[in-house]
>>> print(open('work.cif').read())   # mmCIF, C-alpha atoms and all ligand atoms
data_input
loop_
_atom_site.label_atom_id
_atom_site.label_comp_id
_atom_site.auth_asym_id
_atom_site.auth_seq_id
_atom_site.Cartn_x
_atom_site.Cartn_y
_atom_site.Cartn_z
CA MET S 239 91.10 134.77 109.91
CA SER S 240 93.26 134.56 112.99
CA LYS S 241 93.24 132.62 116.22
CA ASN S 242 91.16 135.46 117.67
CA ASN S 243 88.40 134.92 115.14
CA PRO S 244 85.17 133.76 116.87
CA ASP S 245 85.11 130.65 114.64
CA PHE S 246 88.15 129.40 116.53
CA GLN S 247 87.02 127.87 119.78
CA VAL S 248 89.74 125.87 121.36
CA LEU S 249 88.41 123.20 123.69
CA ALA S 250 90.42 121.46 126.38
CA PRO S 251 93.33 123.86 126.14
CA SER S 252 95.90 121.47 127.61
CA ARG S 253 98.90 121.02 125.31
CA GLN S 254 98.25 117.28 125.01
CA ASN S 255 94.54 117.27 124.27
CA ARG S 256 93.85 120.50 122.51
CA ILE S 257 90.91 120.16 120.14
CA SER S 258 90.24 122.87 117.65
CA ILE S 259 86.71 123.14 116.34
CA VAL S 260 87.48 125.74 113.73
CA LYS S 261 85.18 124.85 110.86
CA ILE S 262 87.76 124.22 108.20
CA ASN S 263 87.04 122.66 104.88
CA ILE S 264 89.81 120.55 103.33
CA ARG S 265 89.57 120.28 99.55
CA PRO S 266 91.65 120.32 96.36
CA GLU S 267 93.18 123.66 95.46
CA HIS S 268 91.46 125.59 92.67
CA PRO S 269 93.67 127.03 89.89
CA PHE S 270 92.51 130.58 90.70
CA GLU S 271 94.04 130.09 94.19
CA TYR S 272 97.52 129.13 92.99
CA ARG S 273 99.12 132.51 93.57
CA GLN S 274 97.45 133.01 96.94
CA CYS S 275 98.63 129.56 98.11
CA GLU S 276 102.17 130.27 96.98
CA ALA S 277 102.09 133.52 98.95
CA LEU S 278 100.78 131.64 102.01
CA VAL S 279 103.56 129.05 101.71
CA ARG S 280 106.12 131.83 101.31
CA ASP S 281 104.82 133.60 104.44
CA ALA S 282 104.86 130.36 106.48
CA PHE S 283 108.37 129.28 105.44
CA TRP S 284 110.10 132.64 105.15
CA ASP S 285 113.42 132.63 107.10
CA ARG S 286 112.36 129.46 108.93
CA TYR S 287 114.79 126.91 107.51
CA ARG S 288 117.06 129.22 105.53
CA PRO S 289 117.20 132.95 104.76
CA GLY S 290 114.08 133.46 102.61
CA CYS S 291 112.58 130.20 101.38
CA VAL S 292 112.23 127.88 98.38
CA GLU S 293 108.96 126.13 99.20
CA HIS S 294 106.67 128.50 97.28
CA LEU S 295 108.62 127.71 94.10
CA ILE S 296 108.45 123.98 94.87
CA VAL S 297 104.65 124.20 95.20
CA ASN S 298 104.53 126.00 91.85
CA GLN S 299 106.73 123.38 90.13
CA VAL S 300 105.06 120.34 91.67
CA ARG S 301 101.58 121.24 90.41
CA THR S 302 102.54 120.41 86.84
CA SER S 303 104.61 117.34 87.66
CA PRO S 304 103.35 113.84 86.81
CA GLU S 305 104.12 112.81 90.41
CA LEU S 306 101.49 115.10 91.95
CA VAL S 307 99.03 113.10 94.10
CA LEU S 308 97.34 115.66 96.39
CA ASP S 309 97.18 119.43 96.24
CA LEU S 310 95.01 120.30 99.24
CA VAL S 311 93.94 123.51 100.90
CA ALA S 312 92.32 124.20 104.27
CA GLU S 313 89.80 126.97 104.02
CA ALA S 314 87.32 128.62 106.38
CA GLY S 315 84.89 131.41 105.72
CA GLY S 316 86.27 131.76 102.20
CA GLU S 317 89.84 132.34 103.43
CA LEU S 318 92.79 130.07 102.71
CA LEU S 319 94.46 129.01 105.93
CA GLY S 320 96.76 126.20 104.90
CA CYS S 321 97.92 123.87 102.19
CA LEU S 322 99.58 120.52 101.74
CA ILE S 323 101.15 118.87 98.73
CA ALA S 324 101.75 115.13 98.34
CA THR S 325 103.65 113.48 95.50
CA ARG S 326 104.73 110.01 94.42
CA ALA S 327 108.30 109.08 95.31
CA GLN S 328 110.27 105.88 94.78
CA VAL S 329 112.44 103.84 97.08
CA ILE S 330 115.24 102.49 94.89
CA SER S 331 117.71 99.75 95.76
CA ASP S 332 120.01 97.33 93.95
CA HIS S 333 118.06 94.26 94.98
CA GLN S 334 114.39 95.31 94.60
CA GLU S 335 111.99 96.71 92.07
CA PRO S 336 111.38 100.43 92.79
CA GLN S 337 108.76 100.79 95.53
CA GLU S 338 106.23 103.60 95.20
CA MET S 339 105.73 105.77 98.29
CA LEU S 340 103.94 108.95 99.17
CA TYR S 341 106.10 112.00 99.83
CA LEU S 342 104.44 114.70 101.96
CA GLY S 343 105.17 118.40 101.83
CA PRO S 344 105.35 121.28 101.70
CA LEU S 345 102.81 121.64 104.53
CA ALA S 346 102.08 125.24 105.49
CA VAL S 347 99.59 127.07 107.70
CA ARG S 348 99.10 130.82 107.51
CA PRO S 349 101.27 132.33 110.27
CA ASP S 350 98.35 134.03 112.06
CA SER S 351 96.41 130.75 112.15
CA GLN S 352 99.13 128.36 113.33
CA GLY S 353 98.71 126.28 116.48
CA CYS S 354 94.96 125.73 116.00
CA GLY S 355 95.05 122.21 114.60
CA ILE S 356 94.92 123.13 110.91
CA GLY S 357 98.25 121.49 110.04
CA SER S 358 97.23 118.36 111.98
CA GLN S 359 93.92 118.15 110.14
CA LEU S 360 95.56 118.58 106.74
CA LEU S 361 98.13 115.91 107.52
CA SER S 362 95.58 113.45 108.94
CA PHE S 363 93.36 113.98 105.89
CA ALA S 364 96.25 113.29 103.51
CA LEU S 365 97.38 110.18 105.39
CA ALA S 366 93.83 108.76 105.39
CA ARG S 367 93.48 109.46 101.65
CA ALA S 368 96.86 107.88 100.89
CA GLU S 369 95.89 104.80 102.87
CA GLN S 370 92.62 104.53 100.88
CA ASP S 371 94.57 104.95 97.66
CA GLY S 372 96.75 101.96 98.56
CA PHE S 373 100.07 103.60 99.42
CA SER S 374 102.03 101.36 101.76
CA GLY S 375 104.01 104.18 103.36
CA ALA S 376 104.73 107.89 103.42
CA PHE S 377 107.91 109.87 104.00
CA LEU S 378 108.76 113.49 104.72
CA TYR S 379 111.42 115.84 106.06
CA GLY S 380 110.34 117.83 109.09
CA ASP S 381 110.59 118.51 112.77
CA PRO S 382 110.33 115.22 114.71
CA ALA S 383 108.77 117.11 117.64
CA TYR S 384 105.79 117.81 115.37
CA TYR S 385 105.56 114.64 113.29
CA HIS S 386 106.13 111.97 115.97
CA ARG S 387 102.65 112.71 117.30
CA PHE S 388 101.20 111.33 114.05
CA GLY S 389 103.26 108.13 114.28
CA PHE S 390 106.17 109.12 112.03
CA GLN S 391 109.50 107.45 112.89
CA ASN S 392 113.05 107.97 111.73
CA ALA S 393 113.28 106.48 108.22
CA ASP S 394 116.19 104.28 109.30
CA THR S 395 113.56 102.13 111.05
CA TRP S 396 113.08 100.63 107.55
CA ALA S 397 116.60 101.15 106.19
CA VAL S 398 115.33 103.91 103.93
CA THR S 399 117.81 106.71 103.31
CA THR S 400 117.93 110.05 101.53
CA PRO S 401 119.11 110.02 97.88
CA ASP S 402 122.66 110.49 99.27
CA GLY S 403 122.39 107.44 101.52
CA LEU S 404 121.95 109.48 104.70
CA ASN S 405 119.69 109.27 107.72
CA PHE S 406 118.95 111.93 110.28
CA ASP S 407 116.14 112.69 112.72
CA ALA S 408 114.30 115.03 110.34
CA PHE S 409 113.87 112.28 107.71
CA MET S 410 110.83 110.28 108.77
CA GLY S 411 108.38 107.70 107.50
CA ILE S 412 105.11 106.03 108.49
CA GLU S 413 103.47 102.76 107.49
CA LEU S 414 100.02 103.24 105.97
CA ARG S 415 99.09 99.59 106.54
CA PRO S 416 100.52 97.09 109.02
CA GLY S 417 103.89 95.90 107.74
CA GLY S 418 103.58 98.23 104.75
CA LEU S 419 107.26 99.15 104.90
CA GLY S 420 108.47 95.79 106.23
CA GLU S 421 110.21 94.73 103.03
CA VAL S 422 111.19 98.21 101.88
CA SER S 423 114.77 99.44 101.89
CA GLY S 424 116.81 101.77 99.73
CA ARG S 425 117.11 105.42 98.77
CA LEU S 426 114.01 107.62 98.64
CA ILE S 427 113.96 109.58 95.38
CA GLU S 428 111.46 112.39 95.26
CA SER S 429 110.02 114.13 92.20
CA ALA S 430 112.41 116.25 90.12
CA ALA S 431 109.93 119.08 90.75
CA PHE S 432 111.67 119.53 94.14
CA ASP S 433 114.90 120.59 92.44
CA VAL S 434 115.34 124.33 92.83
CA ASP S 435 117.33 126.33 90.33
CA PRO S 436 118.70 129.43 92.16
CA ALA S 437 118.21 131.72 89.13
CA ARG S 438 114.62 130.55 88.68
CA LEU S 439 114.02 131.10 92.42
CA LEU S 440 115.21 134.69 92.20
CA GLU S 441 113.02 135.34 89.18
CA PHE S 442 109.99 133.64 90.74
CA ASP S 443 110.38 135.33 94.12
CA ALA S 444 110.54 138.75 92.45
CA GLY S 445 106.85 138.28 91.61
CA PHE S 446 105.96 138.51 95.34
CA PRO S 447 106.16 141.51 97.67
CA ALA S 448 109.80 142.33 98.45
CA ARG S 449 110.94 140.88 101.76
CA GLU S 450 114.28 140.98 103.52
CA GLN S 451 116.04 137.68 104.19
CA HIS S 452 117.67 137.00 107.56
CA ILE S 453 120.16 134.50 108.92
CA LEU S 454 118.50 133.22 112.08
CA PRO S 455 119.24 130.61 114.72
CA GLY S 456 117.59 127.25 114.00
CA GLN S 457 117.98 127.46 110.22
CA LEU S 458 119.47 124.49 108.39
CA PRO S 459 123.18 124.62 107.51
CA GLN S 460 123.43 125.94 103.92
C1 LIG S 501 104.35 123.17 111.04
C2 LIG S 501 102.93 123.68 110.75
C3 LIG S 501 102.46 123.16 109.40
C4 LIG S 501 102.03 123.12 111.84
O1 LIG S 501 100.70 123.51 111.57
P1 LIG S 501 99.81 124.11 112.76
O2 LIG S 501 98.43 124.23 112.26
O3 LIG S 501 100.48 125.33 113.26
O4 LIG S 501 99.98 122.93 113.84
P2 LIG S 501 98.85 122.28 114.73
O5 LIG S 501 97.97 123.35 115.29
O6 LIG S 501 98.22 121.18 113.99
O7 LIG S 501 99.72 121.67 115.87
C5 LIG S 501 100.21 122.54 116.82
C6 LIG S 501 101.26 121.82 117.64
O8 LIG S 501 102.38 121.57 116.83
C7 LIG S 501 103.51 122.20 117.39
N1 LIG S 501 104.33 122.65 116.29
C8 LIG S 501 104.00 123.46 115.28
N2 LIG S 501 105.07 123.63 114.48
C9 LIG S 501 106.07 122.90 114.99
C10 LIG S 501 107.41 122.67 114.63
N3 LIG S 501 107.96 123.20 113.54
N4 LIG S 501 108.13 121.85 115.41
C11 LIG S 501 107.61 121.29 116.49
N5 LIG S 501 106.35 121.48 116.90
C12 LIG S 501 105.60 122.27 116.15
C13 LIG S 501 102.96 123.33 118.23
O9 LIG S 501 103.87 123.69 119.25
C14 LIG S 501 101.73 122.68 118.80
O10 LIG S 501 102.10 121.80 119.85
P3 LIG S 501 101.11 121.51 121.09
O11 LIG S 501 99.86 120.94 120.51
O12 LIG S 501 101.89 120.52 121.90
O13 LIG S 501 100.91 122.84 121.72
C15 LIG S 501 102.84 125.23 110.77
O14 LIG S 501 103.24 125.69 112.03
C16 LIG S 501 103.66 125.90 109.68
O15 LIG S 501 103.15 126.20 108.60
N6 LIG S 501 104.95 126.17 109.96
C17 LIG S 501 105.83 126.83 108.99
C18 LIG S 501 106.16 125.95 107.82
C19 LIG S 501 106.67 124.60 108.28
O16 LIG S 501 107.58 124.51 109.11
N7 LIG S 501 106.08 123.53 107.70
C20 LIG S 501 106.43 122.16 108.03
C21 LIG S 501 107.67 121.81 107.33
S1 LIG S 501 108.20 120.28 107.80
#
>>> encode(input="work.cif", output="structure tokens")
Amino acid sequence: MSKNNPDFQVLAPSRQNRISIVKINIRPEHPFEYRQCEALVRDAFWDRYRPGCVEHLIVNQVRTSPELVLDLVAEAGGELLGCLIATRAQVISDHQEPQEMLYLGPLAVRPDSQGCGIGSQLLSFALARAEQDGFSGAFLYGDPAYYHRFGFQNADTWAVTTPDGLNFDAFMGIELRPGGLGEVSGRLIESAAFDVDPARLLEFDAGFPAREQHILPGQLPQ
């Protein structure tokens, strides 16, 4: 399905108030969809933040990790259009018990279906579910221009840093209940399933159609 599919009817096409009424269903991923989802994630992330990508391997590794919380897909008309993973992470500091947080990502929408509200719906669904499940806050790395619209703020708002003690615009958090992050400070440690072994990546990626990697403007410094 693409944006030109008749199921996509975009109402109020202003940039601020665009409402997509594509009839997507958000649900847990089925095991028989694992490979297809990994291919979708690979297509969405390829060359975007680095030459090639690592996110399809991360999705593969995270599924079997004890920290997995949500493994969601967006589907319409029997086609997979997007997916979102959420895991447990911990904020660790010298003066507090570890605080459990939700860590969001990877989030990916099939390239031919981007810009139709699917990513927003997946993210909103996951945030609502995390709130119901009692998480006090969620963190992610991403483009502030996209995530600020959902209420994410720079993680230094709560003195939460990366594992290396850093803060930068792309590291963001959100409270899932009022004051939920008020007392939280420290380093956010995500699941070990996010660690990527370069040899394993090469081996894993060889199972997908061959694709050339490119160094492009806008990629992260490697
Ligand atoms: C980022 C992504 C998940 C967004 O999903 P989507 O379904 O395309 O987004 P939505 O339709 O919900 O929202 C579209 C809006 O987000 C904006 N947007 C999309 N990706 C963006 C990005 N990386 N940075 C800033 N804005 C972005 C669009 O310009 C559009 O803005 P507008 O409403 O003002 O016109 C999707 O584009 C994607 O898979 N990208 C590649 C992988 C990726 O970067 N994932 C996120 C990692 S943090």
>>> atom_distance(input="work.cif", atom1="atom CA of Cys354 of chain S", atom2="atom C2 of ligand LIG 501 (chain S)")
9.8 Å
>>> residues_near_point(input="work.cif", point="(100.0, 111.6, 114.2)", cutoff="10 Å", atoms="only C-alpha atoms", output="list of chain:residue names")
S:Ser358, S:Gln359, S:Leu361, S:Ser362, S:Leu365, S:Tyr384, S:Tyr385, S:His386, S:Arg387, S:Phe388, S:Gly389, S:Phe390, S:Ile412
>>> residues_near_ligand(input="work.cif", ligand="ligand LIG 501 (chain S)", cutoff="6 Å", atoms="only C-alpha atoms and all ligand atoms", output="PyMOL selection string")
chain S and resi 253-254+282-283+345-347+352-358+379-381+383-384
>>> residues_around(input="work.cif", residues="Ile453 of chain S", least_positions_apart="5", cutoff="10 Å", atoms="only C-alpha atoms", output="PyMOL selection string")
chain S and resi 285-290
>>> residues_near_point(input="work.cif", point="(111.9, 106.6, 100.5)", cutoff="8 Å", atoms="all atoms listed in the file", output="ChimeraX atom specification")
/S:327-330,339,341,376-377,393,398-400,411,423-428
>>> atom_distance(input="work.cif", atom1="atom CA of Ser303 of chain S", atom2="atom CA of Leu360 of chain S")
21.2 Å
>>> decode(input="work.cif", residues="segment 278-290 of chain S", atoms="N, CA and C atoms", output="compact mmCIF listing (two decimals), in the first residue's frame")
# COMPACT_ATOMS: atom_id res chain seq x y z
N LEU S 278 11.29 -4.39 6.55
CA LEU S 278 10.66 -3.05 6.55
C LEU S 278 11.54 -2.06 7.32
N VAL S 279 12.03 -2.49 8.47
CA VAL S 279 12.89 -1.62 9.29
C VAL S 279 14.17 -1.29 8.51
N ARG S 280 14.72 -2.29 7.86
CA ARG S 280 15.94 -2.08 7.06
C ARG S 280 15.67 -1.07 5.95
N ASP S 281 14.55 -1.20 5.25
CA ASP S 281 14.21 -0.26 4.18
C ASP S 281 14.05 1.17 4.72
N ALA S 282 13.40 1.29 5.89
CA ALA S 282 13.12 2.63 6.44
C ALA S 282 14.41 3.31 6.92
N PHE S 283 15.33 2.53 7.49
CA PHE S 283 16.52 3.13 8.11
C PHE S 283 17.73 3.16 7.20
N TRP S 284 17.65 2.47 6.06
CA TRP S 284 18.86 2.32 5.23
C TRP S 284 19.46 3.68 4.85
N ASP S 285 20.73 3.88 5.15
CA ASP S 285 21.49 5.10 4.80
C ASP S 285 20.98 6.36 5.50
N ARG S 286 20.00 6.21 6.43
CA ARG S 286 19.42 7.43 7.00
C ARG S 286 20.32 8.04 8.07
N TYR S 287 20.80 7.21 8.98
CA TYR S 287 21.61 7.74 10.08
C TYR S 287 23.08 7.34 9.98
N ARG S 288 23.37 6.41 9.09
CA ARG S 288 24.72 5.92 8.83
C ARG S 288 24.66 5.20 7.50
N PRO S 289 25.79 4.91 6.87
CA PRO S 289 25.74 4.08 5.66
C PRO S 289 25.17 2.70 6.03
N GLY S 290 24.14 2.24 5.32
CA GLY S 290 23.44 1.02 5.71
C GLY S 290 22.60 1.28 6.94
